[in-house]
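model-v2.txt (compact mmCIF, C-alpha atoms)
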```
# COMPACT_ATOMS: atom_id res chain seq x y z
CA MET Y 234 -14.80 5.21 5.06
CA PRO Y 235 -11.27 4.81 6.47
CA ASP Y 236 -10.43 6.52 9.74
CA ARG Y 237 -7.81 9.27 10.04
CA TYR Y 238 -5.15 6.84 11.24
CA GLU Y 239 -5.61 4.52 8.24
CA THR Y 240 -5.76 7.47 5.85
CA GLY Y 241 -2.70 8.94 7.54
CA MET Y 242 -0.70 5.75 7.20
CA GLU Y 243 -1.58 5.51 3.50
CA THR Y 244 -0.56 9.11 2.89
CA ARG Y 245 2.54 8.86 5.06
CA ARG Y 246 3.68 5.78 3.11
CA ALA Y 247 2.91 7.46 -0.22
CA VAL Y 248 5.00 10.50 0.69
CA LEU Y 249 7.83 9.14 2.83
CA GLY Y 250 7.98 5.60 1.47
CA ASP Y 251 7.42 2.22 3.06
CA ALA Y 252 11.03 1.84 4.23
CA HIS Y 253 10.92 5.04 6.28
CA VAL Y 254 7.51 4.33 7.80
CA ASP Y 255 8.46 0.72 8.56
CA ARG Y 256 11.61 1.92 10.38
CA ALA Y 257 9.61 4.49 12.34
CA GLU Y 258 7.03 1.88 13.31
CA ALA Y 259 9.74 -0.62 14.31
CA ASN Y 260 11.39 2.02 16.51
CA LYS Y 261 8.13 3.06 18.17
CA ARG Y 262 7.98 2.37 21.90
CA PRO Y 263 5.16 2.73 24.42
CA PHE Y 264 6.74 6.06 25.44
CA ASP Y 265 6.18 7.65 22.01
CA ALA Y 266 3.32 5.57 20.62
CA ASP Y 267 0.72 8.26 21.32
CA PHE Y 268 2.93 10.86 19.62
CA GLN Y 269 3.33 8.65 16.54
CA ARG Y 270 -0.44 8.14 16.38
CA MET Y 271 -1.03 11.90 16.76
CA ILE Y 272 1.27 12.83 13.86
CA THR Y 273 -0.13 10.04 11.70
CA GLU Y 274 -3.70 11.21 12.30
CA GLY Y 275 -3.04 14.94 12.39
CA ALA Y 276 -0.26 15.65 9.92
CA TRP Y 277 -0.82 12.77 7.52
CA GLY Y 278 -4.49 11.84 8.03
CA SER Y 279 -5.82 15.38 8.18
CA VAL Y 280 -3.52 17.99 6.64
CA TRP Y 281 -1.54 15.98 4.04
CA SER Y 282 -4.70 14.11 2.98
CA ARG Y 283 -6.79 17.21 2.27
CA PRO Y 284 -7.79 17.79 -1.36
CA GLY Y 285 -6.87 21.51 -1.53
CA LEU Y 286 -3.21 21.12 -2.50
CA SER Y 287 -1.37 18.43 -4.40
CA LYS Y 288 1.33 16.36 -2.71
CA ARG Y 289 3.85 18.31 -4.80
CA GLU Y 290 2.54 21.62 -3.48
CA ARG Y 291 2.39 20.37 0.11
CA SER Y 292 5.94 19.09 -0.26
CA VAL Y 293 7.23 22.51 -1.32
CA VAL Y 294 5.34 24.31 1.46
CA THR Y 295 6.60 21.83 4.04
CA ILE Y 296 10.22 22.16 2.96
CA ALA Y 297 10.00 25.95 3.11
CA LEU Y 298 8.45 25.91 6.58
CA LEU Y 299 10.93 23.39 7.96
CA ALA Y 300 13.86 25.32 6.51
CA ALA Y 301 12.56 28.61 7.91
CA LEU Y 302 12.32 26.97 11.34
CA GLY Y 303 15.75 25.33 11.09
CA HIS Y 304 14.55 21.73 11.32
CA TRP Y 305 17.35 20.30 9.18
CA ASP Y 306 16.72 16.57 9.65
CA GLU Y 307 13.12 17.10 8.60
CA VAL Y 308 14.19 19.23 5.62
CA ALA Y 309 16.39 16.34 4.46
CA LEU Y 310 13.56 13.84 5.01
CA HIS Y 311 11.14 15.91 2.94
CA VAL Y 312 13.67 16.61 0.19
CA ARG Y 313 14.19 12.85 -0.12
CA ALA Y 314 10.40 12.47 -0.19
CA THR Y 315 10.19 14.65 -3.30
CA LYS Y 316 10.89 11.51 -5.31
CA ASN Y 317 7.38 10.46 -4.23
CA THR Y 318 5.61 13.83 -4.28
CA GLY Y 319 6.72 15.05 -7.69
CA ALA Y 320 8.36 18.22 -6.40
CA SER Y 321 11.40 18.95 -8.55
CA PRO Y 322 14.76 20.32 -7.47
CA GLU Y 323 13.66 23.57 -9.14
CA ASP Y 324 10.53 23.62 -6.95
CA VAL Y 325 12.67 23.10 -3.86
CA MET Y 326 15.03 25.91 -4.85
CA GLU Y 327 12.08 28.25 -5.37
CA ALA Y 328 10.94 27.41 -1.84
CA ILE Y 329 14.43 28.05 -0.49
CA LEU Y 330 14.56 31.42 -2.26
CA HIS Y 331 11.37 32.35 -0.38
CA VAL Y 332 13.03 31.20 2.83
CA ALA Y 333 15.95 33.54 2.12
CA ILE Y 334 13.68 36.54 1.76
CA TYR Y 335 11.16 35.80 4.50
CA ALA Y 336 13.20 33.87 7.06
CA GLY Y 337 16.79 34.87 6.33
CA VAL Y 338 19.75 34.05 4.16
CA PRO Y 339 21.49 31.87 6.80
CA ALA Y 340 18.46 29.56 6.94
CA ALA Y 341 18.34 29.36 3.15
CA ASN Y 342 22.08 28.74 2.94
CA GLN Y 343 21.82 25.81 5.36
CA ALA Y 344 18.73 24.51 3.54
CA ILE Y 345 20.71 24.43 0.29
CA LYS Y 346 23.45 22.38 1.97
CA VAL Y 347 20.90 19.97 3.43
CA ALA Y 348 18.99 19.67 0.15
CA ARG Y 349 22.18 18.99 -1.83
CA ALA Y 350 23.14 16.20 0.57
CA ALA Y 351 19.63 14.72 0.53
CA TYR Y 352 19.51 14.73 -3.27
CA ALA Y 353 22.91 13.01 -3.35
CA GLU Y 354 21.53 10.32 -1.00
CA ILE Y 355 18.72 9.50 -3.43
CA GLY Y 356 20.82 9.83 -6.57
CA VAL Y 357 19.28 13.02 -7.95
CA GLU Y 358 21.74 15.20 -9.84
CA ILE Y 359 21.23 18.88 -9.27
```
What is this file in structure tokens?
Amino acid sequence: MPDRYETGMETRRAVLGDAHVDRAEANKRPFDADFQRMITEGAWGSVWSRPGLSKRERSVVTIALLAALGHWDEVALHVRATKNTGASPEDVMEAILHVAIYAGVPAANQAIKVARAAYAEIGVEI
């Protein structure tokens, strides 16, 4: 049975893509190595690897949470990752509509701007 780090790396690569993970690994330094291991084991090896939700569903939930919290770089990262998770632009907009109601229109407005730019980066017409 693979350990949480191995499982996490597999899931992280499946969601974010090899290029992103390879860049993150190449930029890792002793200062942040423990942090990188923690997020690989915790976020990717535990939560994202659970069977309860599909990657598509986790993607939508993650985008909504990140938008509600104003973590714009991470919103863009996870919108780009939808090409791997199967979440559609319509799914993302539904999540953003929830953000508008539960976290505020300004957060949703910014999330729309970030999502539009991220989709443009990966060549998805919306």
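Rounded to one decimal, atom CA of Gly250 of chain Y and atom CA of Ala336 of chain Y lie 29.3 Å from each other.
Residues with any atom within 10 Å of Arg246 of chain Y, counting only C-alpha atoms and excluding same-chain neighbours fewer than 6 positions away, are Thr240, Ala252, His253, Val254, Asp255, Trp277 and Asn317 of chain Y.
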| For Ser287 of chain Y: contacts at 12 Å, all atoms listed in the file, fewer than 5 positions along chain excluded, given as a count of residues only | 12
| task | Calculate how many Å separate atom CA of Val325 of chain Y from atom CA of Pro284 of chain Y, rounding to one decimal. | result | 21.3 Å
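Excluding Ala340 of chain Y itself and same-chain residues fewer than 6 positions from it, the residues having an atom within 9 Å of it are Ala300, Ala301, Leu302, Gly303, Ile329, Val332 and Ala333 of chain Y, counting all atoms listed in the file.
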How would the residues just chosen look if you wrote them out with C-alpha atoms as a CSV table (one decimal), in the coordinates of the input?
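Output below, filename selection_30.csv:
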```csv
chain,number,residue,atom,x,y,z
Y,300,ALA,CA,13.9,25.3,6.5
Y,301,ALA,CA,12.6,28.6,7.9
Y,302,LEU,CA,12.3,27.0,11.3
Y,303,GLY,CA,15.8,25.3,11.1
Y,329,ILE,CA,14.4,28.0,-0.5
Y,332,VAL,CA,13.0,31.2,2.8
Y,333,ALA,CA,16.0,33.5,2.1
```
| Ala344 of chain Y surroundings by only C-alpha atoms, 10 Å radius, close-in-sequence under 2 positions cut, as a ChimeraX atom specification | /Y:296-297,299-301,303-305,308-309,312,325-326,328-330,332-333,338-342,346-350
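Atom CA of Tyr238 of chain Y is positioned 6.0 Å from atom CA of Gly278 of chain Y.
Between Pro235 of chain Y and the candidates Y:Glu274, Y:Ala266, Y:Ala259, Y:Lys288, the tightest atom-to-atom separation, counting all atoms listed in the file, involves Y:Glu274.
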Repair of segment 330-341 of chain Y at the level of all heavy atoms, as a PDB file, keeping the file's coordinate frame:
```pdb
ATOM      1  N   LEU Y 330      14.434  29.991  -1.976  1.00  0.00           N
ATOM      2  CA  LEU Y 330      14.560  31.420  -2.260  1.00  0.00           C
ATOM      3  C   LEU Y 330      13.557  32.228  -1.423  1.00  0.00           C
ATOM      4  O   LEU Y 330      13.883  33.305  -0.910  1.00  0.00           O
ATOM      5  CB  LEU Y 330      14.357  31.695  -3.749  1.00  0.00           C
ATOM      6  CG  LEU Y 330      15.495  31.206  -4.653  1.00  0.00           C
ATOM      7  CD1 LEU Y 330      15.095  31.338  -6.114  1.00  0.00           C
ATOM      8  CD2 LEU Y 330      16.786  31.942  -4.358  1.00  0.00           C
ATOM      9  N   HIS Y 331      12.354  31.685  -1.255  1.00  0.00           N
ATOM     10  CA  HIS Y 331      11.370  32.350  -0.380  1.00  0.00           C
ATOM     11  C   HIS Y 331      11.869  32.357   1.058  1.00  0.00           C
ATOM     12  O   HIS Y 331      11.676  33.346   1.782  1.00  0.00           O
ATOM     13  CB  HIS Y 331      10.007  31.660  -0.481  1.00  0.00           C
ATOM     14  CG  HIS Y 331       9.145  32.226  -1.538  1.00  0.00           C
ATOM     15  ND1 HIS Y 331       9.399  32.082  -2.879  1.00  0.00           N
ATOM     16  CD2 HIS Y 331       8.018  32.969  -1.446  1.00  0.00           C
ATOM     17  CE1 HIS Y 331       8.462  32.695  -3.566  1.00  0.00           C
ATOM     18  NE2 HIS Y 331       7.611  33.249  -2.726  1.00  0.00           N
ATOM     19  N   VAL Y 332      12.466  31.255   1.478  1.00  0.00           N
ATOM     20  CA  VAL Y 332      13.030  31.200   2.830  1.00  0.00           C
ATOM     21  C   VAL Y 332      14.057  32.306   3.009  1.00  0.00           C
ATOM     22  O   VAL Y 332      14.070  32.992   4.037  1.00  0.00           O
ATOM     23  CB  VAL Y 332      13.642  29.811   3.117  1.00  0.00           C
ATOM     24  CG1 VAL Y 332      14.447  29.821   4.414  1.00  0.00           C
ATOM     25  CG2 VAL Y 332      12.556  28.744   3.177  1.00  0.00           C
ATOM     26  N   ALA Y 333      14.916  32.503   2.015  1.00  0.00           N
ATOM     27  CA  ALA Y 333      15.950  33.540   2.120  1.00  0.00           C
ATOM     28  C   ALA Y 333      15.346  34.915   2.357  1.00  0.00           C
ATOM     29  O   ALA Y 333      15.827  35.677   3.200  1.00  0.00           O
ATOM     30  CB  ALA Y 333      16.809  33.549   0.855  1.00  0.00           C
ATOM     31  N   ILE Y 334      14.296  35.223   1.640  1.00  0.00           N
ATOM     32  CA  ILE Y 334      13.680  36.540   1.760  1.00  0.00           C
ATOM     33  C   ILE Y 334      12.875  36.683   3.046  1.00  0.00           C
ATOM     34  O   ILE Y 334      12.968  37.688   3.748  1.00  0.00           O
ATOM     35  CB  ILE Y 334      12.788  36.842   0.536  1.00  0.00           C
ATOM     36  CG1 ILE Y 334      13.647  36.901  -0.733  1.00  0.00           C
ATOM     37  CG2 ILE Y 334      11.976  38.118   0.728  1.00  0.00           C
ATOM     38  CD1 ILE Y 334      14.781  37.924  -0.705  1.00  0.00           C
ATOM     39  N   TYR Y 335      12.085  35.672   3.381  1.00  0.00           N
ATOM     40  CA  TYR Y 335      11.160  35.800   4.500  1.00  0.00           C
ATOM     41  C   TYR Y 335      11.670  35.266   5.831  1.00  0.00           C
ATOM     42  O   TYR Y 335      11.127  35.621   6.878  1.00  0.00           O
ATOM     43  CB  TYR Y 335       9.818  35.143   4.141  1.00  0.00           C
ATOM     44  CG  TYR Y 335       9.110  35.914   3.057  1.00  0.00           C
ATOM     45  CD1 TYR Y 335       9.153  35.491   1.737  1.00  0.00           C
ATOM     46  CD2 TYR Y 335       8.424  37.087   3.352  1.00  0.00           C
ATOM     47  CE1 TYR Y 335       8.527  36.217   0.738  1.00  0.00           C
ATOM     48  CE2 TYR Y 335       7.793  37.821   2.362  1.00  0.00           C
ATOM     49  CZ  TYR Y 335       7.851  37.383   1.054  1.00  0.00           C
ATOM     50  OH  TYR Y 335       7.246  38.113   0.066  1.00  0.00           O
ATOM     51  N   ALA Y 336      12.699  34.417   5.804  1.00  0.00           N
ATOM     52  CA  ALA Y 336      13.200  33.870   7.060  1.00  0.00           C
ATOM     53  C   ALA Y 336      14.701  34.091   7.245  1.00  0.00           C
ATOM     54  O   ALA Y 336      15.224  33.841   8.318  1.00  0.00           O
ATOM     55  CB  ALA Y 336      12.893  32.370   7.152  1.00  0.00           C
ATOM     56  N   GLY Y 337      15.380  34.528   6.196  1.00  0.00           N
ATOM     57  CA  GLY Y 337      16.790  34.870   6.330  1.00  0.00           C
ATOM     58  C   GLY Y 337      17.714  34.030   5.465  1.00  0.00           C
ATOM     59  O   GLY Y 337      17.479  32.844   5.226  1.00  0.00           O
ATOM     60  N   VAL Y 338      18.757  34.690   5.006  1.00  0.00           N
ATOM     61  CA  VAL Y 338      19.750  34.050   4.160  1.00  0.00           C
ATOM     62  C   VAL Y 338      20.467  32.897   4.872  1.00  0.00           C
ATOM     63  O   VAL Y 338      20.695  31.850   4.259  1.00  0.00           O
ATOM     64  CB  VAL Y 338      20.742  35.100   3.606  1.00  0.00           C
ATOM     65  CG1 VAL Y 338      21.930  34.451   2.915  1.00  0.00           C
ATOM     66  CG2 VAL Y 338      20.013  36.042   2.653  1.00  0.00           C
ATOM     67  N   PRO Y 339      20.826  33.018   6.149  1.00  0.00           N
ATOM     68  CA  PRO Y 339      21.490  31.870   6.800  1.00  0.00           C
ATOM     69  C   PRO Y 339      20.636  30.599   6.779  1.00  0.00           C
ATOM     70  O   PRO Y 339      21.155  29.506   6.549  1.00  0.00           O
ATOM     71  CB  PRO Y 339      21.738  32.361   8.226  1.00  0.00           C
ATOM     72  CG  PRO Y 339      21.852  33.850   8.088  1.00  0.00           C
ATOM     73  CD  PRO Y 339      20.827  34.196   7.028  1.00  0.00           C
ATOM     74  N   ALA Y 340      19.340  30.739   6.987  1.00  0.00           N
ATOM     75  CA  ALA Y 340      18.460  29.560   6.940  1.00  0.00           C
ATOM     76  C   ALA Y 340      18.427  28.978   5.537  1.00  0.00           C
ATOM     77  O   ALA Y 340      18.494  27.755   5.349  1.00  0.00           O
ATOM     78  CB  ALA Y 340      17.048  29.925   7.396  1.00  0.00           C
ATOM     79  N   ALA Y 341      18.354  29.827   4.529  1.00  0.00           N
ATOM     80  CA  ALA Y 341      18.340  29.360   3.150  1.00  0.00           C
ATOM     81  C   ALA Y 341      19.669  28.706   2.789  1.00  0.00           C
ATOM     82  O   ALA Y 341      19.703  27.673   2.109  1.00  0.00           O
ATOM     83  CB  ALA Y 341      18.036  30.510   2.205  1.00  0.00           C
TER      84      ALA Y 341
END
```
